[in-house]
Amino acid sequence: MAFVPVTRASVSDLVFGQLRDAIVSGTYRTDDALPGERELAAAFEVNRHAVREALRRLQQLGLVRISQGGATRVLDWRVHAGLDLALSLVRSGDVLPVATLVRDMMDMRACIGVDAARLCARRADDVARRRILRAVEEFADLAPDLTAMGEANIAVWRLILDGCGNTAYLLAFNSLVAGALAVAEVPPQRRATELLDVAGHRRLASAIADGRDVEAAEQARSLLTAALTAPTRKDSRA
């Protein structure tokens with residue numbers, strides 16, 4: 001693979017980005033050996049320290065296995081990588097080469113949200129319950145501004161995740177939010193069915209406030225599995 005020489009401003013980041021993309025795209029396949037540090041340094045026109053740092057970050061993402069004194073070999077990202085990889089790609093304006101990625105991440109969002117709502121109804125204290133009720137009313141007041149509602153919706157769900165008391169769910173939620181809700185842009189306009197269901201959000205908040213865990217889960221499922229609208233040309237350019 002022909003690499004592009006990088007500037008000195010952020011050499012490690014750029015070396016890392018090009019190697020990451022080469023692995024994820026399949027240019028380097030599972031168990032392939034990457035070129036050695038000296039060869040990579042020459043190809044990128046950087047020092048070996050920058051290459052070493054980039055390789056260390058690739059190993060942290062689960063993309064390579066570094067052997068002391070041996071070759072650095074590519075790992076199967078489908079087996080070894082986590083959400084960190086997807087977020088790394090989002091920050092560079094790229095996504096995983098998976099056709100169903102938006103669907104898959106929205107499925108994950110729904111699974112976490114449904115159980116978080118159930119747990120929140122069981123575990124949240126009175127202060128958290130009141131905050132959720134208030135946040136949903138603030139969300140409702142923004143209708144029909146879908147962009148503003150989308151931001152307020154994140155605030156509602158953050159309170160629910162806080163109230164559910166599950167740290168793993170909260171960290172996953174943070175990853176989804178940082179990754180623009182699906183590690184591929186899903187504009188609020190595509191979530192109009194979900195966001196404009198103000199009554200459904202109020203039923204969810206009420207169920208949580210009253211401790212009705214089964215109903216809270218059902219309301220969350222109804223909201224989070226609402227069909228996405230077809231993307232428009234404007235959405236695709238966003």
# chains A, B, ... in the order shown; residues from 1 in each chain; ligands from 1
>>> select_by_dssp(residues="range 61-151 of chain A", states="strand (DSSP E)", output="list in words")
Val64, Arg65, Ile66, Thr72, Arg73 and Val74 of chain A
>>> residues_around(residues="range 119-135 of chain A", least_positions_apart="4", cutoff="10 Å", atoms="only C-alpha atoms", output="PDB file with N, CA and C atoms, in the first residue's frame")
ATOM      1  N   GLY A 113     -31.803   1.059  26.035  1.00  0.00           N
ATOM      2  CA  GLY A 113     -32.818   1.989  26.509  1.00  0.00           C
ATOM      3  C   GLY A 113     -33.993   1.304  27.183  1.00  0.00           C
ATOM      4  N   VAL A 114     -34.443   0.192  26.623  1.00  0.00           N
ATOM      5  CA  VAL A 114     -35.590  -0.523  27.194  1.00  0.00           C
ATOM      6  C   VAL A 114     -35.262  -1.017  28.598  1.00  0.00           C
ATOM      7  N   ASP A 115     -34.105  -1.654  28.754  1.00  0.00           N
ATOM      8  CA  ASP A 115     -33.773  -2.175  30.082  1.00  0.00           C
ATOM      9  C   ASP A 115     -33.415  -1.053  31.044  1.00  0.00           C
ATOM     10  N   PHE A 139     -38.688  18.859  26.841  1.00  0.00           N
ATOM     11  CA  PHE A 139     -38.607  18.242  25.515  1.00  0.00           C
ATOM     12  C   PHE A 139     -39.898  18.500  24.739  1.00  0.00           C
ATOM     13  N   ALA A 140     -41.045  18.307  25.378  1.00  0.00           N
ATOM     14  CA  ALA A 140     -42.339  18.490  24.713  1.00  0.00           C
ATOM     15  C   ALA A 140     -42.543  19.930  24.266  1.00  0.00           C
ATOM     16  N   ASP A 141     -42.051  20.874  25.039  1.00  0.00           N
ATOM     17  CA  ASP A 141     -42.226  22.286  24.707  1.00  0.00           C
ATOM     18  C   ASP A 141     -41.505  22.682  23.425  1.00  0.00           C
ATOM     19  N   ALA A 152     -32.758  17.630  23.177  1.00  0.00           N
ATOM     20  CA  ALA A 152     -33.449  17.454  24.458  1.00  0.00           C
ATOM     21  C   ALA A 152     -33.705  15.985  24.755  1.00  0.00           C
ATOM     22  N   ASN A 153     -33.916  15.201  23.712  1.00  0.00           N
ATOM     23  CA  ASN A 153     -34.143  13.767  23.885  1.00  0.00           C
ATOM     24  C   ASN A 153     -32.919  13.091  24.488  1.00  0.00           C
ATOM     25  N   ALA A 155     -30.853  14.526  26.501  1.00  0.00           N
ATOM     26  CA  ALA A 155     -30.856  14.919  27.914  1.00  0.00           C
ATOM     27  C   ALA A 155     -31.816  14.050  28.722  1.00  0.00           C
ATOM     28  N   VAL A 156     -32.991  13.746  28.150  1.00  0.00           N
ATOM     29  CA  VAL A 156     -33.953  12.873  28.830  1.00  0.00           C
ATOM     30  C   VAL A 156     -33.337  11.497  29.082  1.00  0.00           C
ATOM     31  N   TRP A 157     -32.751  10.934  28.040  1.00  0.00           N
ATOM     32  CA  TRP A 157     -32.207   9.580  28.181  1.00  0.00           C
ATOM     33  C   TRP A 157     -30.986   9.544  29.084  1.00  0.00           C
ATOM     34  N   ARG A 158     -30.232  10.634  29.121  1.00  0.00           N
ATOM     35  CA  ARG A 158     -29.104  10.656  30.051  1.00  0.00           C
ATOM     36  C   ARG A 158     -29.609  10.561  31.494  1.00  0.00           C
ATOM     37  N   LEU A 159     -30.703  11.256  31.799  1.00  0.00           N
ATOM     38  CA  LEU A 159     -31.283  11.164  33.139  1.00  0.00           C
ATOM     39  C   LEU A 159     -31.782   9.757  33.439  1.00  0.00           C
ATOM     40  N   ILE A 160     -32.380   9.121  32.435  1.00  0.00           N
ATOM     41  CA  ILE A 160     -32.860   7.747  32.620  1.00  0.00           C
ATOM     42  C   ILE A 160     -31.688   6.800  32.854  1.00  0.00           C
ATOM     43  N   LEU A 161     -30.614   6.985  32.081  1.00  0.00           N
ATOM     44  CA  LEU A 161     -29.431   6.137  32.273  1.00  0.00           C
ATOM     45  C   LEU A 161     -28.796   6.382  33.630  1.00  0.00           C
ATOM     46  N   ASP A 162     -28.754   7.628  34.060  1.00  0.00           N
ATOM     47  CA  ASP A 162     -28.242   7.919  35.399  1.00  0.00           C
ATOM     48  C   ASP A 162     -29.110   7.243  36.458  1.00  0.00           C
ATOM     49  N   GLY A 163     -30.427   7.325  36.277  1.00  0.00           N
ATOM     50  CA  GLY A 163     -31.346   6.782  37.259  1.00  0.00           C
ATOM     51  C   GLY A 163     -31.372   5.274  37.321  1.00  0.00           C
ATOM     52  N   CYS A 164     -30.977   4.612  36.233  1.00  0.00           N
ATOM     53  CA  CYS A 164     -31.056   3.145  36.218  1.00  0.00           C
ATOM     54  C   CYS A 164     -29.964   2.502  37.057  1.00  0.00           C
ATOM     55  N   GLY A 165     -28.895   3.252  37.333  1.00  0.00           N
ATOM     56  CA  GLY A 165     -27.848   2.740  38.210  1.00  0.00           C
ATOM     57  C   GLY A 165     -26.943   1.700  37.588  1.00  0.00           C
ATOM     58  N   ASN A 166     -26.914   1.620  36.243  1.00  0.00           N
ATOM     59  CA  ASN A 166     -26.057   0.635  35.576  1.00  0.00           C
ATOM     60  C   ASN A 166     -24.929   1.374  34.854  1.00  0.00           C
ATOM     61  N   HIS A 201     -43.536   9.825  25.218  1.00  0.00           N
ATOM     62  CA  HIS A 201     -42.491  10.228  26.156  1.00  0.00           C
ATOM     63  C   HIS A 201     -43.078  10.548  27.533  1.00  0.00           C
ATOM     64  N   ARG A 202     -44.248  11.158  27.532  1.00  0.00           N
ATOM     65  CA  ARG A 202     -44.894  11.456  28.823  1.00  0.00           C
ATOM     66  C   ARG A 202     -45.315  10.172  29.533  1.00  0.00           C
ATOM     67  N   ARG A 203     -45.806   9.196  28.774  1.00  0.00           N
ATOM     68  CA  ARG A 203     -46.176   7.914  29.387  1.00  0.00           C
ATOM     69  C   ARG A 203     -44.933   7.230  29.968  1.00  0.00           C
ATOM     70  N   LEU A 204     -43.818   7.326  29.249  1.00  0.00           N
ATOM     71  CA  LEU A 204     -42.572   6.745  29.744  1.00  0.00           C
ATOM     72  C   LEU A 204     -42.159   7.402  31.061  1.00  0.00           C
ATOM     73  N   ALA A 205     -42.158   8.722  31.079  1.00  0.00           N
ATOM     74  CA  ALA A 205     -41.757   9.446  32.290  1.00  0.00           C
ATOM     75  C   ALA A 205     -42.693   9.142  33.460  1.00  0.00           C
ATOM     76  N   SER A 206     -43.974   9.053  33.169  1.00  0.00           N
ATOM     77  CA  SER A 206     -44.954   8.763  34.217  1.00  0.00           C
ATOM     78  C   SER A 206     -44.755   7.363  34.789  1.00  0.00           C
ATOM     79  N   ALA A 207     -44.491   6.402  33.904  1.00  0.00           N
ATOM     80  CA  ALA A 207     -44.275   5.030  34.368  1.00  0.00           C
ATOM     81  C   ALA A 207     -43.035   4.951  35.251  1.00  0.00           C
ATOM     82  N   ILE A 208     -41.978   5.654  34.856  1.00  0.00           N
ATOM     83  CA  ILE A 208     -40.762   5.665  35.673  1.00  0.00           C
ATOM     84  C   ILE A 208     -41.041   6.333  37.014  1.00  0.00           C
ATOM     85  N   ALA A 209     -41.738   7.473  36.977  1.00  0.00           N
ATOM     86  CA  ALA A 209     -42.028   8.219  38.210  1.00  0.00           C
ATOM     87  C   ALA A 209     -42.847   7.393  39.188  1.00  0.00           C
ATOM     88  N   ASP A 210     -43.751   6.562  38.653  1.00  0.00           N
ATOM     89  CA  ASP A 210     -44.627   5.753  39.508  1.00  0.00           C
ATOM     90  C   ASP A 210     -44.038   4.386  39.853  1.00  0.00           C
ATOM     91  N   GLY A 211     -42.859   4.082  39.313  1.00  0.00           N
ATOM     92  CA  GLY A 211     -42.236   2.796  39.609  1.00  0.00           C
ATOM     93  C   GLY A 211     -42.835   1.623  38.861  1.00  0.00           C
ATOM     94  N   ARG A 212     -43.524   1.898  37.754  1.00  0.00           N
ATOM     95  CA  ARG A 212     -44.137   0.821  36.966  1.00  0.00           C
ATOM     96  C   ARG A 212     -43.115   0.340  35.938  1.00  0.00           C
ATOM     97  N   ASP A 213     -42.261  -0.588  36.348  1.00  0.00           N
ATOM     98  CA  ASP A 213     -41.112  -0.970  35.530  1.00  0.00           C
ATOM     99  C   ASP A 213     -41.491  -1.658  34.216  1.00  0.00           C
ATOM    100  N   VAL A 214     -42.487  -2.529  34.244  1.00  0.00           N
ATOM    101  CA  VAL A 214     -42.882  -3.230  33.015  1.00  0.00           C
ATOM    102  C   VAL A 214     -43.432  -2.237  32.000  1.00  0.00           C
ATOM    103  N   GLU A 215     -44.277  -1.323  32.443  1.00  0.00           N
ATOM    104  CA  GLU A 215     -44.830  -0.326  31.536  1.00  0.00           C
ATOM    105  C   GLU A 215     -43.741   0.608  31.019  1.00  0.00           C
ATOM    106  N   ALA A 216     -42.787   0.958  31.871  1.00  0.00           N
ATOM    107  CA  ALA A 216     -41.683   1.820  31.439  1.00  0.00           C
ATOM    108  C   ALA A 216     -40.903   1.150  30.312  1.00  0.00           C
ATOM    109  N   ALA A 217     -40.645  -0.135  30.457  1.00  0.00           N
ATOM    110  CA  ALA A 217     -39.917  -0.864  29.412  1.00  0.00           C
ATOM    111  C   ALA A 217     -40.735  -0.910  28.121  1.00  0.00           C
TER     112      ALA A 217
END
>>> residues_around(residues="range 9-15 of chain A", least_positions_apart="6", cutoff="9 Å", atoms="only C-alpha atoms", output="list of chain:residue names")
A:Phe3, A:Leu40, A:Phe44, A:Val46, A:Asn47, A:His49, A:Ala50, A:Val51, A:Arg52, A:Glu53, A:Ala54, A:Leu55
>>> write_last_selection(atoms="all heavy atoms", output="compact mmCIF listing (two decimals), in the first residue's frame")
# COMPACT_ATOMS: atom_id res chain seq x y z
N PHE A 3 1.63 4.85 1.11
CA PHE A 3 1.23 5.78 2.16
C PHE A 3 1.57 7.20 1.76
O PHE A 3 2.48 7.44 0.94
CB PHE A 3 1.92 5.44 3.49
CG PHE A 3 1.50 4.11 4.05
CD1 PHE A 3 2.38 3.03 4.05
CD2 PHE A 3 0.23 3.92 4.56
CE1 PHE A 3 1.99 1.81 4.56
CE2 PHE A 3 -0.17 2.70 5.07
CZ PHE A 3 0.71 1.64 5.07
N LEU A 40 7.95 1.59 7.87
CA LEU A 40 6.83 2.51 7.99
C LEU A 40 7.31 3.94 8.20
O LEU A 40 6.75 4.89 7.62
CB LEU A 40 5.94 2.10 9.17
CG LEU A 40 5.08 0.85 8.97
CD1 LEU A 40 4.42 0.44 10.29
CD2 LEU A 40 4.02 1.09 7.90
N PHE A 44 6.20 6.93 5.67
CA PHE A 44 5.46 8.11 6.13
C PHE A 44 6.34 9.36 6.24
O PHE A 44 5.85 10.46 6.46
CB PHE A 44 4.84 7.83 7.50
CG PHE A 44 3.65 6.91 7.47
CD1 PHE A 44 3.71 5.65 8.06
CD2 PHE A 44 2.46 7.30 6.87
CE1 PHE A 44 2.60 4.81 8.05
CE2 PHE A 44 1.35 6.47 6.86
CZ PHE A 44 1.43 5.22 7.44
N VAL A 46 8.47 9.97 8.72
CA VAL A 46 8.40 10.40 10.12
C VAL A 46 9.44 9.60 10.91
O VAL A 46 10.05 8.66 10.40
CB VAL A 46 7.00 10.18 10.71
CG1 VAL A 46 5.94 10.95 9.93
CG2 VAL A 46 6.65 8.68 10.76
N ASN A 47 9.60 9.97 12.18
CA ASN A 47 10.54 9.20 13.00
C ASN A 47 9.88 7.94 13.55
O ASN A 47 8.65 7.81 13.53
CB ASN A 47 11.12 10.05 14.13
CG ASN A 47 10.05 10.58 15.06
OD1 ASN A 47 9.16 9.84 15.49
ND2 ASN A 47 10.14 11.86 15.41
N HIS A 49 9.55 6.92 16.53
CA HIS A 49 8.73 7.14 17.72
C HIS A 49 7.26 7.36 17.34
O HIS A 49 6.35 6.84 18.00
CB HIS A 49 9.24 8.34 18.52
CG HIS A 49 8.37 8.69 19.68
ND1 HIS A 49 8.35 7.96 20.86
CD2 HIS A 49 7.45 9.69 19.85
CE1 HIS A 49 7.47 8.49 21.70
NE2 HIS A 49 6.91 9.53 21.12
N ALA A 50 7.03 8.15 16.28
CA ALA A 50 5.66 8.41 15.83
C ALA A 50 5.00 7.11 15.37
O ALA A 50 3.82 6.86 15.64
CB ALA A 50 5.65 9.43 14.71
N VAL A 51 5.76 6.28 14.67
CA VAL A 51 5.23 4.99 14.21
C VAL A 51 4.92 4.09 15.40
O VAL A 51 3.86 3.45 15.47
CB VAL A 51 6.23 4.30 13.27
CG1 VAL A 51 5.79 2.86 12.98
CG2 VAL A 51 6.37 5.08 11.98
N ARG A 52 5.82 4.08 16.38
CA ARG A 52 5.63 3.23 17.56
C ARG A 52 4.38 3.64 18.33
O ARG A 52 3.61 2.79 18.79
CB ARG A 52 6.88 3.33 18.45
CG ARG A 52 6.98 2.23 19.49
CD ARG A 52 8.33 2.28 20.20
NE ARG A 52 9.42 2.06 19.26
CZ ARG A 52 10.40 2.94 19.04
NH1 ARG A 52 10.42 4.09 19.69
NH2 ARG A 52 11.36 2.64 18.19
N GLU A 53 4.15 4.94 18.46
CA GLU A 53 2.96 5.44 19.14
C GLU A 53 1.70 5.06 18.38
O GLU A 53 0.69 4.66 18.98
CB GLU A 53 3.05 6.96 19.30
CG GLU A 53 1.81 7.63 19.86
CD GLU A 53 1.48 7.20 21.28
OE1 GLU A 53 2.37 6.65 21.97
OE2 GLU A 53 0.32 7.40 21.70
N ALA A 54 1.74 5.18 17.05
CA ALA A 54 0.57 4.81 16.24
C ALA A 54 0.26 3.32 16.38
O ALA A 54 -0.91 2.93 16.51
CB ALA A 54 0.83 5.15 14.77
N LEU A 55 1.29 2.48 16.38
CA LEU A 55 1.08 1.04 16.54
C LEU A 55 0.51 0.71 17.92
O LEU A 55 -0.34 -0.17 18.06
CB LEU A 55 2.39 0.29 16.32
CG LEU A 55 2.96 0.33 14.89
CD1 LEU A 55 4.32 -0.35 14.85
CD2 LEU A 55 2.00 -0.33 13.90
>>> closest_residue(among="A:Met108, A:Ala199, A:Ala2, A:Leu61", to="Ala81 in chain A", atoms="only C-alpha atoms")
A:Leu61
>>> closest_residue(among="A:Gly26, A:Gly200, A:Pro35, A:Pro187", to="Leu63 in chain A", atoms="only C-alpha atoms")
A:Gly26
>>> closest_residue(among="A:Val198, A:Ala42, A:Leu176, A:Leu85", to="Asp107 in chain A", atoms="only C-alpha atoms")
A:Leu176
>>> residues_around(residues="Gly36 in chain A", least_positions_apart="3", cutoff="9 Å", atoms="only C-alpha atoms", output="JSON, numbers by chain")
{"A": [33, 39, 40, 41, 71, 72]}
>>> write_last_selection(atoms="all heavy atoms", output="mmCIF file, in the first residue's frame")
data_model
loop_
_atom_site.group_PDB
_atom_site.id
_atom_site.type_symbol
_atom_site.label_atom_id
_atom_site.label_comp_id
_atom_site.auth_asym_id
_atom_site.auth_seq_id
_atom_site.Cartn_x
_atom_site.Cartn_y
_atom_site.Cartn_z
ATOM 1 N N ALA A 33 1.151 -9.409 8.320
ATOM 2 C CA ALA A 33 2.170 -8.680 9.068
ATOM 3 C C ALA A 33 2.290 -7.272 8.492
ATOM 4 O O ALA A 33 2.381 -7.095 7.265
ATOM 5 C CB ALA A 33 3.505 -9.400 8.981
ATOM 6 N N GLU A 39 10.557 0.555 8.108
ATOM 7 C CA GLU A 39 9.936 0.686 6.789
ATOM 8 C C GLU A 39 8.760 1.660 6.821
ATOM 9 O O GLU A 39 8.586 2.486 5.915
ATOM 10 C CB GLU A 39 9.475 -0.693 6.308
ATOM 11 C CG GLU A 39 8.921 -0.700 4.890
ATOM 12 C CD GLU A 39 8.505 -2.093 4.452
ATOM 13 O OE1 GLU A 39 8.857 -3.083 5.136
ATOM 14 O OE2 GLU A 39 7.793 -2.190 3.414
ATOM 15 N N LEU A 40 7.949 1.586 7.874
ATOM 16 C CA LEU A 40 6.826 2.511 7.994
ATOM 17 C C LEU A 40 7.313 3.943 8.195
ATOM 18 O O LEU A 40 6.751 4.890 7.619
ATOM 19 C CB LEU A 40 5.939 2.101 9.174
ATOM 20 C CG LEU A 40 5.080 0.852 8.969
ATOM 21 C CD1 LEU A 40 4.422 0.439 10.288
ATOM 22 C CD2 LEU A 40 4.020 1.088 7.897
ATOM 23 N N ALA A 41 8.343 4.115 8.993
ATOM 24 C CA ALA A 41 8.883 5.459 9.212
ATOM 25 C C ALA A 41 9.364 6.059 7.911
ATOM 26 O O ALA A 41 9.151 7.256 7.630
ATOM 27 C CB ALA A 41 10.013 5.404 10.237
ATOM 28 N N ALA A 71 6.936 -9.770 14.292
ATOM 29 C CA ALA A 71 6.104 -8.949 13.418
ATOM 30 C C ALA A 71 4.870 -8.442 14.159
ATOM 31 O O ALA A 71 4.376 -9.068 15.096
ATOM 32 C CB ALA A 71 5.677 -9.764 12.195
ATOM 33 N N THR A 72 4.380 -7.282 13.737
ATOM 34 C CA THR A 72 3.098 -6.760 14.212
ATOM 35 C C THR A 72 2.022 -7.297 13.280
ATOM 36 O O THR A 72 2.030 -6.992 12.083
ATOM 37 C CB THR A 72 3.099 -5.225 14.206
ATOM 38 O OG1 THR A 72 4.063 -4.761 15.156
ATOM 39 C CG2 THR A 72 1.722 -4.687 14.576
#
>>> select_by_dssp(residues="range 18-200 of chain A", states="helix (DSSP H, G or I)", output="PyMOL selection string")
chain A and resi 18-24+37-44+48-60+77-80+83-91+101-123+126-140+146-164+167-178+188-195+198-200
>>> residues_around(residues="Gln189 in chain A", least_positions_apart="6", cutoff="8 Å", atoms="only C-alpha atoms", output="list in words")
Leu146, Thr147 and Thr229 of chain A
>>> atom_distance(atom1="CA of Leu83 in chain A", atom2="CA of Gly62 in chain A")
10.5 Å
>>> atom_distance(atom1="CA of Val102 in chain A", atom2="CA of Asn174 in chain A")
16.6 Å
